[in-house]
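Enquirer: The structure file start-v3.txt (compact mmCIF, C-alpha atoms and all ligand atoms) is provided below.
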# COMPACT_ATOMS: atom_id res chain seq x y z
CA MET A 30 -2.19 82.87 44.73
CA LYS A 31 -2.67 86.48 45.88
CA ILE A 32 0.46 88.64 45.86
CA LEU A 33 0.76 92.09 47.45
CA LEU A 34 3.55 94.04 45.72
CA LEU A 35 4.87 97.24 47.30
CA GLY A 36 7.04 99.76 45.47
CA LYS A 37 5.65 98.87 42.05
CA ASN A 38 7.31 101.76 40.23
CA GLY A 39 10.90 101.29 41.37
CA GLN A 40 13.48 99.58 39.13
CA VAL A 41 12.80 96.16 40.65
CA GLY A 42 9.11 96.81 41.37
CA TRP A 43 8.42 97.66 37.74
CA GLU A 44 9.96 94.41 36.53
CA LEU A 45 8.17 92.47 39.26
CA GLN A 46 4.83 93.62 37.90
CA ARG A 47 5.73 91.76 34.70
CA ALA A 48 7.43 88.72 36.25
CA LEU A 49 4.80 88.03 38.92
CA ALA A 50 1.78 88.46 36.63
CA PRO A 51 1.56 84.79 35.55
CA LEU A 52 1.73 83.54 39.15
CA GLY A 53 -1.64 84.80 40.31
CA GLU A 54 -3.49 87.95 41.30
CA VAL A 55 -1.03 90.78 41.87
CA ILE A 56 -2.17 93.78 43.90
CA ALA A 57 0.56 96.29 43.08
CA LEU A 58 0.89 99.55 45.02
CA ASP A 59 3.13 102.56 44.85
CA ARG A 60 3.61 105.18 47.55
CA GLN A 61 0.27 106.82 46.62
CA GLY A 62 -1.70 103.58 47.05
CA THR A 63 -5.35 103.44 46.02
CA ASP A 64 -8.56 104.82 47.50
CA ASP A 65 -8.72 102.05 50.07
CA LEU A 66 -5.16 100.66 50.23
CA CYS A 67 -2.08 102.39 51.63
CA GLY A 68 1.21 101.79 49.82
CA ASP A 69 3.27 104.31 51.81
CA LEU A 70 5.96 102.61 53.88
CA ALA A 71 6.17 105.70 56.07
CA ASP A 72 2.61 105.04 57.27
CA LEU A 73 3.04 101.99 59.48
CA ALA A 74 -0.58 101.77 60.62
CA GLY A 75 -1.83 102.17 57.05
CA LEU A 76 0.58 99.48 55.87
CA ALA A 77 -0.60 97.00 58.50
CA ALA A 78 -4.23 97.73 57.63
CA THR A 79 -3.47 97.14 53.94
CA VAL A 80 -1.97 93.72 54.61
CA ARG A 81 -4.97 92.75 56.74
CA LYS A 82 -7.42 93.94 54.11
CA VAL A 83 -5.70 92.25 51.16
CA ALA A 84 -4.82 89.09 53.13
CA PRO A 85 -2.20 88.02 50.56
CA ASP A 86 -0.44 84.66 50.33
CA VAL A 87 2.79 86.51 49.58
CA ILE A 88 4.03 90.05 50.22
CA VAL A 89 6.81 91.25 47.92
CA ASN A 90 8.45 94.43 49.18
CA ALA A 91 10.34 96.27 46.45
CA ALA A 92 9.90 99.68 48.11
CA ALA A 93 12.87 101.17 49.92
CA TYR A 94 14.61 104.40 50.79
CA THR A 95 17.45 104.12 48.24
CA ALA A 96 18.97 107.63 48.28
CA VAL A 97 22.27 106.43 49.74
CA ASP A 98 23.94 109.82 50.22
CA LYS A 99 20.80 111.66 51.32
CA ALA A 100 20.24 109.01 53.99
CA GLU A 101 23.29 110.36 55.87
CA SER A 102 21.18 113.42 56.75
CA GLU A 103 17.78 111.66 56.85
CA GLN A 104 18.60 108.87 59.26
CA ALA A 105 15.13 108.66 60.84
CA LEU A 106 13.31 108.48 57.50
CA ALA A 107 15.71 105.83 56.17
CA ALA A 108 15.18 103.76 59.34
CA LEU A 109 11.41 104.16 59.14
CA ILE A 110 11.19 102.93 55.54
CA ASN A 111 14.04 100.42 55.44
CA ALA A 112 13.80 98.96 58.95
CA GLU A 113 10.50 99.66 60.70
CA ALA A 114 8.20 99.17 57.69
CA PRO A 115 9.69 95.78 56.70
CA GLY A 116 9.34 94.79 60.37
CA ILE A 117 5.61 95.63 60.23
CA LEU A 118 5.20 93.76 56.93
CA ALA A 119 6.94 90.73 58.44
CA ARG A 120 4.83 90.77 61.60
CA GLU A 121 1.63 91.04 59.55
CA ALA A 122 2.86 88.26 57.25
CA ALA A 123 3.57 86.06 60.27
CA ALA A 124 0.07 86.69 61.65
CA LEU A 125 -1.45 85.68 58.30
CA GLY A 126 0.90 82.76 57.62
CA ALA A 127 1.94 84.57 54.42
CA TRP A 128 5.42 84.63 52.88
CA LEU A 129 7.45 87.83 52.68
CA ILE A 130 9.98 88.46 49.92
CA HIS A 131 12.25 91.40 50.69
CA TYR A 132 15.37 92.93 49.11
CA SER A 133 18.55 93.98 50.82
CA THR A 134 22.00 95.05 49.77
CA ASP A 135 25.75 94.44 49.64
CA TYR A 136 25.99 97.67 51.68
CA VAL A 137 25.32 95.62 54.84
CA PHE A 138 29.00 94.57 54.56
CA ASP A 139 32.07 96.64 55.33
CA GLY A 140 33.67 95.97 51.95
CA SER A 141 36.88 94.51 53.35
CA GLY A 142 38.93 91.83 51.58
CA GLN A 143 38.47 90.53 48.07
CA ALA A 144 36.51 87.33 48.60
CA ARG A 145 32.86 87.04 47.63
CA TRP A 146 30.59 87.61 50.62
CA GLN A 147 28.70 84.53 51.81
CA GLU A 148 25.30 84.96 53.45
CA ASP A 149 26.58 84.17 56.95
CA ALA A 150 29.58 86.53 56.80
CA ALA A 151 29.76 89.16 59.53
CA THR A 152 27.97 92.38 58.58
CA GLY A 153 29.38 95.85 59.21
CA PRO A 154 27.58 98.57 57.29
CA LEU A 155 29.56 101.73 56.55
CA SER A 156 26.61 104.04 55.91
CA VAL A 157 23.24 105.06 57.33
CA TYR A 158 21.55 103.40 54.34
CA GLY A 159 23.47 100.14 54.89
CA ARG A 160 22.61 100.18 58.61
CA SER A 161 18.94 100.81 57.91
CA LYS A 162 18.81 97.90 55.46
CA LEU A 163 20.54 95.61 57.96
CA GLU A 164 18.04 96.66 60.65
CA GLY A 165 15.28 95.76 58.20
CA GLU A 166 16.76 92.27 57.81
CA GLN A 167 16.97 91.94 61.60
CA ALA A 168 13.36 93.07 62.10
CA ILE A 169 12.21 90.47 59.57
CA ALA A 170 14.24 87.73 61.27
CA ALA A 171 12.82 88.69 64.69
CA SER A 172 9.21 88.51 63.42
CA GLY A 173 9.25 84.76 62.86
CA ALA A 174 7.69 85.28 59.41
CA LEU A 175 8.39 82.92 56.54
CA ALA A 176 10.69 85.24 54.64
CA VAL A 177 13.16 85.23 51.79
CA VAL A 178 15.59 88.15 51.91
CA LEU A 179 17.49 88.67 48.66
CA ARG A 180 20.64 90.76 48.99
CA THR A 181 21.60 92.22 45.66
CA SER A 182 24.05 94.78 44.28
CA TRP A 183 24.58 97.55 41.72
CA VAL A 184 21.02 97.43 40.36
CA TYR A 185 20.20 98.90 36.95
CA ALA A 186 17.17 98.83 34.66
CA ALA A 187 15.94 100.35 31.42
CA ARG A 188 13.44 102.30 33.54
CA GLY A 189 14.57 104.47 36.43
CA HIS A 190 17.79 106.21 37.39
CA ASN A 191 21.02 104.28 37.64
CA PHE A 192 24.77 104.41 37.08
CA ALA A 193 24.75 103.05 33.50
CA LYS A 194 22.31 105.67 32.28
CA THR A 195 24.17 108.44 34.11
CA MET A 196 27.43 107.40 32.41
CA LEU A 197 25.76 107.50 28.99
CA ARG A 198 24.44 110.98 29.64
CA LEU A 199 27.73 112.32 31.03
CA ALA A 200 29.75 110.85 28.14
CA ARG A 201 27.51 112.72 25.70
CA GLU A 202 27.66 116.01 27.61
CA ARG A 203 31.14 116.28 29.12
CA ASP A 204 34.64 116.48 27.73
CA ALA A 205 36.15 114.21 30.40
CA LEU A 206 34.89 111.51 32.72
CA ASN A 207 36.59 109.98 35.75
CA VAL A 208 35.16 106.91 37.47
CA VAL A 209 36.09 105.02 40.65
CA ALA A 210 38.17 101.96 39.81
CA ASP A 211 38.80 100.43 43.24
CA GLN A 212 35.28 99.29 44.19
CA PHE A 213 34.26 95.88 42.85
CA GLY A 214 30.93 94.15 42.37
CA ALA A 215 28.53 92.84 39.76
CA PRO A 216 25.93 95.02 38.05
CA THR A 217 22.63 93.19 38.46
CA GLY A 218 19.58 93.85 36.29
CA ALA A 219 16.16 94.49 37.80
CA GLU A 220 14.83 92.05 35.18
CA LEU A 221 17.03 89.28 36.54
CA ILE A 222 16.06 90.06 40.14
CA ALA A 223 12.36 90.00 39.24
CA ASP A 224 12.64 86.76 37.24
CA VAL A 225 14.58 85.03 40.02
CA THR A 226 11.95 86.21 42.50
CA ALA A 227 9.22 84.62 40.37
CA HIS A 228 11.18 81.33 40.18
CA ILE A 229 11.61 81.35 43.96
CA LEU A 230 7.93 82.06 44.53
CA ARG A 231 6.96 79.23 42.22
CA GLN A 232 9.13 76.78 44.13
CA ILE A 233 7.97 78.02 47.52
CA THR A 234 4.31 77.74 46.63
CA CYS A 235 4.55 74.41 44.81
CA GLN A 236 6.05 72.55 47.77
CA GLN A 237 3.99 70.99 50.54
CA ASP A 238 6.24 72.39 53.20
CA ALA A 239 8.67 75.03 51.97
CA ARG A 240 9.68 76.40 55.37
CA HIS A 241 13.25 75.17 54.90
CA LEU A 242 13.58 77.56 51.93
CA ALA A 243 13.13 80.65 54.11
CA GLY A 244 16.31 82.63 54.72
CA THR A 245 18.79 85.11 53.30
CA TYR A 246 20.26 84.65 49.81
CA HIS A 247 22.73 86.61 47.72
CA LEU A 248 21.48 87.43 44.24
CA SER A 249 23.91 89.08 41.86
CA ALA A 250 24.85 88.49 38.24
CA ALA A 251 27.97 86.36 37.63
CA GLY A 252 31.44 87.85 37.24
CA GLU A 253 32.72 91.14 38.58
CA THR A 254 33.94 94.54 37.53
CA SER A 255 34.68 97.97 38.96
CA TRP A 256 32.54 101.06 38.42
CA HIS A 257 35.23 102.13 35.96
CA GLY A 258 34.99 98.81 34.10
CA PHE A 259 31.20 99.06 34.12
CA ALA A 260 31.34 102.59 32.64
CA GLN A 261 33.80 101.47 29.95
CA PHE A 262 31.58 98.53 29.03
CA VAL A 263 28.52 100.79 28.72
CA LEU A 264 30.31 103.38 26.57
CA ALA A 265 31.98 100.79 24.32
CA HIS A 266 28.61 99.21 23.64
CA ALA A 267 26.95 102.59 23.05
CA SER A 268 29.61 103.60 20.58
CA ARG A 269 29.17 100.29 18.67
CA GLN A 270 25.48 101.19 18.49
CA GLY A 271 26.43 104.47 16.81
CA VAL A 272 25.77 106.77 19.79
CA ALA A 273 27.81 109.99 19.48
CA LEU A 274 29.95 110.30 22.61
CA LYS A 275 32.35 113.07 23.60
CA VAL A 276 34.22 110.64 25.89
CA SER A 277 35.04 107.19 24.51
CA ALA A 278 35.39 104.04 26.63
CA GLU A 279 39.20 104.23 26.42
CA GLN A 280 39.18 107.86 27.59
CA VAL A 281 37.35 107.20 30.88
CA GLY A 282 39.81 108.04 33.68
CA ALA A 283 40.32 105.56 36.53
CA ILE A 284 40.28 107.22 39.96
CA SER A 285 40.41 106.04 43.56
CA THR A 286 37.56 106.13 46.06
CA GLU A 287 39.33 108.98 47.87
CA ALA A 288 39.34 111.09 44.71
CA TYR A 289 35.53 111.03 44.55
CA PRO A 290 34.27 112.09 47.99
CA VAL A 291 30.58 111.40 48.71
CA PRO A 292 28.60 111.72 51.97
CA ALA A 293 28.04 107.94 52.39
CA PRO A 294 31.12 105.69 52.36
CA ARG A 295 30.84 102.80 49.87
CA PRO A 296 32.17 99.26 50.38
CA ARG A 297 35.18 98.48 48.18
CA ASN A 298 34.33 94.83 47.98
CA SER A 299 30.69 94.31 46.98
CA ARG A 300 31.24 90.84 45.48
CA LEU A 301 28.31 88.63 46.52
CA ALA A 302 28.47 84.82 46.30
CA SER A 303 25.22 83.59 44.75
CA GLY A 304 26.00 79.86 45.17
CA LYS A 305 23.44 79.27 47.92
CA LEU A 306 20.67 80.77 45.78
CA GLU A 307 21.78 78.78 42.73
CA SER A 308 21.96 75.44 44.52
CA THR A 309 18.81 75.86 46.63
CA PHE A 310 16.58 76.95 43.75
CA THR A 311 18.43 75.24 40.83
CA LEU A 312 19.29 78.49 39.12
CA LYS A 313 22.36 79.80 37.27
CA MET A 314 23.23 83.48 37.36
CA PRO A 315 24.18 84.84 33.92
CA PRO A 316 27.31 87.00 33.39
CA TRP A 317 26.66 90.65 34.26
CA GLN A 318 27.52 91.78 30.73
CA GLN A 319 24.53 89.94 29.28
CA GLY A 320 21.86 91.95 31.09
CA VAL A 321 23.67 95.27 30.66
CA GLN A 322 23.88 94.74 26.90
CA ARG A 323 20.21 93.91 26.74
CA MET A 324 19.28 97.01 28.72
CA LEU A 325 21.44 99.22 26.47
CA ASP A 326 19.85 97.74 23.35
CA GLU A 327 16.45 98.45 24.84
CA ILE A 328 17.03 102.09 25.69
CA GLN A 329 18.63 103.06 22.35
P1 LIG B 1 14.37 102.26 43.38
O1 LIG B 1 14.94 103.45 44.06
O2 LIG B 1 14.36 102.18 41.90
O3 LIG B 1 12.87 102.03 43.87
C1 LIG B 1 12.51 102.16 45.20
C2 LIG B 1 11.02 102.40 45.21
O4 LIG B 1 10.63 102.57 46.58
C3 LIG B 1 10.59 103.67 44.45
O5 LIG B 1 9.53 103.35 43.56
C4 LIG B 1 10.14 104.59 45.55
O6 LIG B 1 9.02 105.36 45.20
C5 LIG B 1 9.69 103.61 46.60
N1 LIG B 1 9.58 104.24 47.90
C6 LIG B 1 10.45 105.05 48.53
N2 LIG B 1 9.91 105.49 49.68
C7 LIG B 1 8.68 104.94 49.77
C8 LIG B 1 7.63 105.01 50.70
N3 LIG B 1 7.71 105.75 51.81
N4 LIG B 1 6.51 104.29 50.48
C9 LIG B 1 6.38 103.55 49.36
N5 LIG B 1 7.32 103.46 48.43
C10 LIG B 1 8.47 104.15 48.64
O7 LIG B 1 15.10 101.00 44.02
P2 LIG B 1 15.47 99.60 43.36
O8 LIG B 1 14.31 99.06 42.62
O9 LIG B 1 16.76 99.74 42.68
O10 LIG B 1 15.71 98.76 44.69
C11 LIG B 1 14.90 97.63 45.04
C12 LIG B 1 15.49 96.99 46.28
O11 LIG B 1 16.84 96.57 46.02
C13 LIG B 1 15.57 97.90 47.50
O12 LIG B 1 15.27 97.16 48.64
C14 LIG B 1 17.02 98.34 47.55
O13 LIG B 1 17.42 98.66 48.85
C15 LIG B 1 17.70 97.10 47.02
N6 LIG B 1 19.00 97.34 46.40
C16 LIG B 1 19.13 98.31 45.43
C17 LIG B 1 20.37 98.55 44.86
C18 LIG B 1 20.55 99.59 43.81
O14 LIG B 1 21.67 99.73 43.31
N7 LIG B 1 19.52 100.32 43.41
C19 LIG B 1 21.57 97.78 45.26
C20 LIG B 1 21.30 96.77 46.26
C21 LIG B 1 20.06 96.58 46.80
P3 LIG B 1 9.19 106.87 44.71
O15 LIG B 1 9.61 106.77 43.28
O16 LIG B 1 7.82 107.43 44.91
O17 LIG B 1 10.23 107.50 45.59
Show this structure as structure tokens.
Ligand code: NDP

Expert:
Amino acid sequence: MKILLLGKNGQVGWELQRALAPLGEVIALDRQGTDDLCGDLADLAGLAATVRKVAPDVIVNAAAYTAVDKAESEQALAALINAEAPGILAREAAALGAWLIHYSTDYVFDGSGQARWQEDAATGPLSVYGRSKLEGEQAIAASGALAVVLRTSWVYAARGHNFAKTMLRLARERDALNVVADQFGAPTGAELIADVTAHILRQITCQQDARHLAGTYHLSAAGETSWHGFAQFVLAHASRQGVALKVSAEQVGAISTEAYPVPAPRPRNSRLASGKLESTFTLKMPPWQQGVQRMLDEIQ
């Protein structure tokens, strides 16, 4: 099997390089690409030429414009990378008869209510980033490609920038720390996302006719917490590991969304129901704490 991986140095892309390696030949590109292959999602013609040249069996797109707040003032760039480029990848995949695996986000929802979001729930993005990701999903659906779109949430990894690592840094540097306590979701490790992707790919490619497996799935770790709960968990674990913190887990202040204004509104309810993914691919999502602990042990 030949796999074209885009965005190889992002949180998820980095872990995909590891998880996809045993499945076949992986041609992994970052934005810079190689001498003869373009990995820049902003270059639509270059991207299409790359797919034609590589002629992969599967395209895995881990590249995205993920600067959620910056996207509010860079609408066109966010749309180009998160909507138009996945549309091109999907059209090229359809022309080749290749599969496309793509990642999307809980930010396609408006965050209302407290129930876990099912895949067929009405979308209603609150931000430019969320809209651009939804448009990416729609472009893929319109292409007729065999595609699996995995919506995930609150991604962290040992490598890259994320909330958990920011909390660790701030708790070492600052005298006080306040974190939003009224947004709920499940922190999901890039490792888990990459491993689940590999399991899905295996099942898709081992079946005679796997077309019925194409579709949108929610992929998040089990359980839920708030950003405040997530921060407390990270700091409690760090302090058990002997990390010197100026702010302990118990001292983290709980604040409302309104008390922490940011350019892009965030959904309050980011709880994703992963039942469809679990039953379709015979998987079981582990509790979110498990992966966070592992990541913290790794970075110490
Ligand atoms: P990261 O921000 O860690 O990685 C995104 C990657 O995309 C980076 O390596 C970045 O490269 C690359 N990229 C950005 N612009 C371009 C471009 N024009 N051409 C090629 N590559 C580009 O994101 P994650 O790994 O966390 O996200 C993976 C997927 O999961 C994305 O689809 C994202 O939308 C989705 N997701 C992420 C969540 C999160 O909390 N992070 C939550 C829910 C969904 P460079 O370093 O050069 O900028």

Enquirer: Grab the CA of Ala71 (chain A) to CA of Asn111 (chain A) distance for me, in Å with one decimal place.

Expert: 9.5 Å

Enquirer: In terms of the shortest atom-to-atom distance over all atoms listed in the file, which of A:Arg188, A:His131, A:Arg203, A:His266 is closest to Val321 (chain A)?

Expert: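 When distances to Val321 (chain A) are compared using all atoms listed in the file, the smallest one comes from A:His266.
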
Enquirer: Taking only C-alpha atoms into account, name the residue in A:Ala302, A:Leu221, A:Ala74, A:Ala127 that is nearest to Glu44 (chain A).

Expert: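 Smallest separation from Glu44 (chain A) among the options: A:Leu221.
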
Enquirer: Pick out the closest residue to ligand LIG 1 (chain B) from this set: A:Ser182, A:Thr309, A:Ser141, A:Gln270. Count all atoms listed in the file.

Expert: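 Smallest distance to ligand LIG 1 (chain B) is found for A:Ser182.
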
Enquirer: Show me which residues sit within 7 Å of ligand LIG 1 (chain B) when counting only C-alpha atoms and all ligand atoms, and put them as a ChimeraX atom specification.

Expert: /A:35-42,59-60,68-71,91-95,110,131-135,162,180-185,189-190,219

Enquirer: Would you mind reading off the distance between CA of Leu325 (chain A) and CA of Thr254 (chain A), one decimal, in Å?

Expert: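 If I compute the distance from CA of Leu325 (chain A) to CA of Thr254 (chain A), I get 17.3 Å.
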
Enquirer: Using only C-alpha atoms, find the one residue out of A:Ile169, A:Ile88, A:Val137, A:Ala176 that sits nearest to Asp149 (chain A).

Expert: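 Nearest to Asp149 (chain A): A:Val137.
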
Enquirer: Padding 5 Å on each side, edges along x, y and z: where is the centre of the box around the listed atoms of region 141-152 of chain A, and how long are its edges in Å to one decimal? Output it as JSON.

Expert:
{"center_x": 32.1, "center_y": 89.3, "center_z": 53.6, "size_x": 23.6, "size_y": 20.3, "size_z": 21.9}

Enquirer: What gap, in Å, lies between CA of Trp317 (chain A) and CA of Gly252 (chain A)?

Expert: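 Taking CA of Trp317 (chain A) as the start and CA of Gly252 (chain A) as the end point, the length is 6.3 Å.
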
Enquirer: Here is a test: counting all atoms listed in the file, which residue of A:Asp238, A:Glu101, A:Glu279, A:Glu253 is nearest to Thr217 (chain A)?

Expert: A:Glu253

Enquirer: Which one is closest to Ile229 (chain A): A:Gln167, A:Ser308, A:Ser299, A:Gln261? Count only C-alpha atoms.

Expert: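 Result for the nearest residue to Ile229 (chain A): A:Ser308.
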
Enquirer: Can you list, as a list in words, every protein, DNA or RNA residue that comes within 12 Å of Ala124 (chain A) when you count all atoms listed in the file, leaving out same-chain residues fewer than 2 positions away?

Expert: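 My reading of the contact set: Ala77, Val80, Arg81, Ala84, Pro85, Asp86, Ile117, Leu118, Ala119, Arg120, Glu121, Ala122, Gly126, Ala127, Trp128, Leu129, Ser172, Gly173, Ala174 and Leu175 of chain A.
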
Enquirer: Counting only C-alpha atoms, find residues at most 12 Å from (22.7, 107.1, 32.1) (file frame) and give them as a PyMOL selection string.

Expert: chain A and resi 185-202+259-260+263-264+267+321+324-325+328-329

Enquirer: Hey, what's within 10 Å of Thr226 (chain A) if we count only C-alpha atoms and toss same-chain stuff fewer than 4 positions away? As a ChimeraX atom specification, please?

Expert: /A:45,48-49,89,130-131,177,179,220-222,230-232,248

Enquirer: Counting only C-alpha atoms, what is within 12 Å of Asp64 (chain A), bar same-chain residues fewer than 3 positions away, as a ChimeraX atom specification?

Expert: /A:58,61,67-68,75,79

Enquirer: Counting only C-alpha atoms, find residues at most 12 Å from (19.8, 109.7, 53.3) (file frame) and give them as a count of residues only.

Expert: 28

Enquirer: Write out, as a tab-separated table, each residue of region 159-252 of chain A that has an atom at most 10 Å from region 283-289 of chain A, together with the closest pair of atoms and their distance in Å to one decimal, counting only C-alpha atoms, rows going by chain and rising number.

Expert:
residue	atom	partner	partner_atom	distance
A:Leu206	CA	A:Ala283	CA	8.9
A:Asn207	CA	A:Ala283	CA	5.8
A:Val208	CA	A:Ala283	CA	5.4
A:Val209	CA	A:Ile284	CA	4.8
A:Ala210	CA	A:Ala283	CA	5.3
A:Asp211	CA	A:Ser285	CA	5.8
A:Gln212	CA	A:Thr286	CA	7.4
